[in-house]
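First up is the structure itself, then whatever we jot down about it.
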Amino acid sequence: MAFMTKKDDKKKVEAPVNPPHIEKAIEKPSNSFIGQSMVIEADITSDDDVTVEGKVTGNISVGKTLTIGKNGSIKADIKAGIVRIFGEAKGNIHAADKVEIMSLGRYSGNIHSQKLVVAEGAILNGEINQ
């Protein structure tokens, strides 16, 4: 704790150096989010989880899980641990663990993964390699 002294009455007042609400704001988020109104034409690299609700064109490399939300649209070559597709994706996927195409998901391209989950109603157009 830091101490402040008022000039008038020389009374000590305790005040925290880093109030808890400030420390929480400084903490690094564990998930990166690309919002629905965002359009990105670039390569994206992250060691954390990434969720895409906007449009991305380029190469994507994610250390953990890439989630393409129901409003998300990706035209990219993807490398990730896990890829979850709720929206639309085109390009090649190299997933270390698995690829999941959810019921409203649409995917076109080649998949290289140990596991593949395709929900009823999902659209898959491409080649699958283990």
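Every chain in the structure tokens takes a letter, A first, then B, and so on in the order presented; its residues are numbered from 1, and the ligands are numbered from 1 following the presented order.
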Inset, instruction - Skip Ile68 (chain A) itself and residues of its chain fewer than 4 positions away, then list as an MDAnalysis selection string all residues within 8 Å of it, counting only C-alpha atoms. - result: chainID A and resid 51:53 72:74 83:89
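Using only C-alpha atoms, the nearest neighbour of Ala119 (chain A) within the list A:Thr57, A:Asn31, A:Ser103, A:Asn92 is A:Ser103.
Straight-line separation from CA of Leu66 (chain A) to CA of Glu41 (chain A): 17.0 Å.
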Test item: residues at most 6 Å from Asn110 (chain A), only C-alpha atoms, excluding those fewer than 6 positions along its chain, as an mmCIF file with N, CA and C atoms, in the first residue's frame:
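See out_25.cif below for the written result:
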data_model
loop_
_atom_site.group_PDB
_atom_site.id
_atom_site.type_symbol
_atom_site.label_atom_id
_atom_site.label_comp_id
_atom_site.auth_asym_id
_atom_site.auth_seq_id
_atom_site.Cartn_x
_atom_site.Cartn_y
_atom_site.Cartn_z
ATOM 1 N N ASN A 92 -7.119 -24.665 -47.480
ATOM 2 C CA ASN A 92 -6.598 -25.904 -46.912
ATOM 3 C C ASN A 92 -6.486 -25.792 -45.399
ATOM 4 N N GLY A 126 -14.355 -31.360 -50.605
ATOM 5 C CA GLY A 126 -12.904 -31.360 -50.647
ATOM 6 C C GLY A 126 -12.336 -32.748 -50.428
ATOM 7 N N GLU A 127 -11.060 -32.773 -50.118
ATOM 8 C CA GLU A 127 -10.326 -34.014 -49.924
ATOM 9 C C GLU A 127 -9.894 -34.093 -48.468
ATOM 10 N N ILE A 128 -9.962 -35.310 -47.904
ATOM 11 C CA ILE A 128 -9.616 -35.517 -46.509
ATOM 12 C C ILE A 128 -8.400 -36.432 -46.440
#
Legend entry - Test item: residues at most 10 Å from Asp47 (chain A), only C-alpha atoms, excluding those fewer than 5 positions along its chain, as a list of chain:residue names: A:Ser30, A:Asn31, A:Ser32, A:Ser61, A:Val62, A:Gly63, A:Lys64, A:Thr65, A:Ala80
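Separating CA of Glu120 (chain A) from CA of Tyr107 (chain A) is a distance of 13.5 Å.
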Legend entry - Neighbour list for Ile123 (chain A) as a PyMOL selection string, cut-off 9 Å, only C-alpha atoms, skip fewer than 6 positions in-chain: chain A and resi 101-108
Inset, instruction - Fewer than 4 positions away in the same chain doesn't count, so skip those; otherwise give me all residues within 7 Å of Ser113 (chain A), counting only C-alpha atoms, as a ChimeraX atom specification. - result: /A:94-99,129-130
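In this model, the gap between CA of Ile111 (chain A) and CA of Asp43 (chain A) comes to 19.3 Å.
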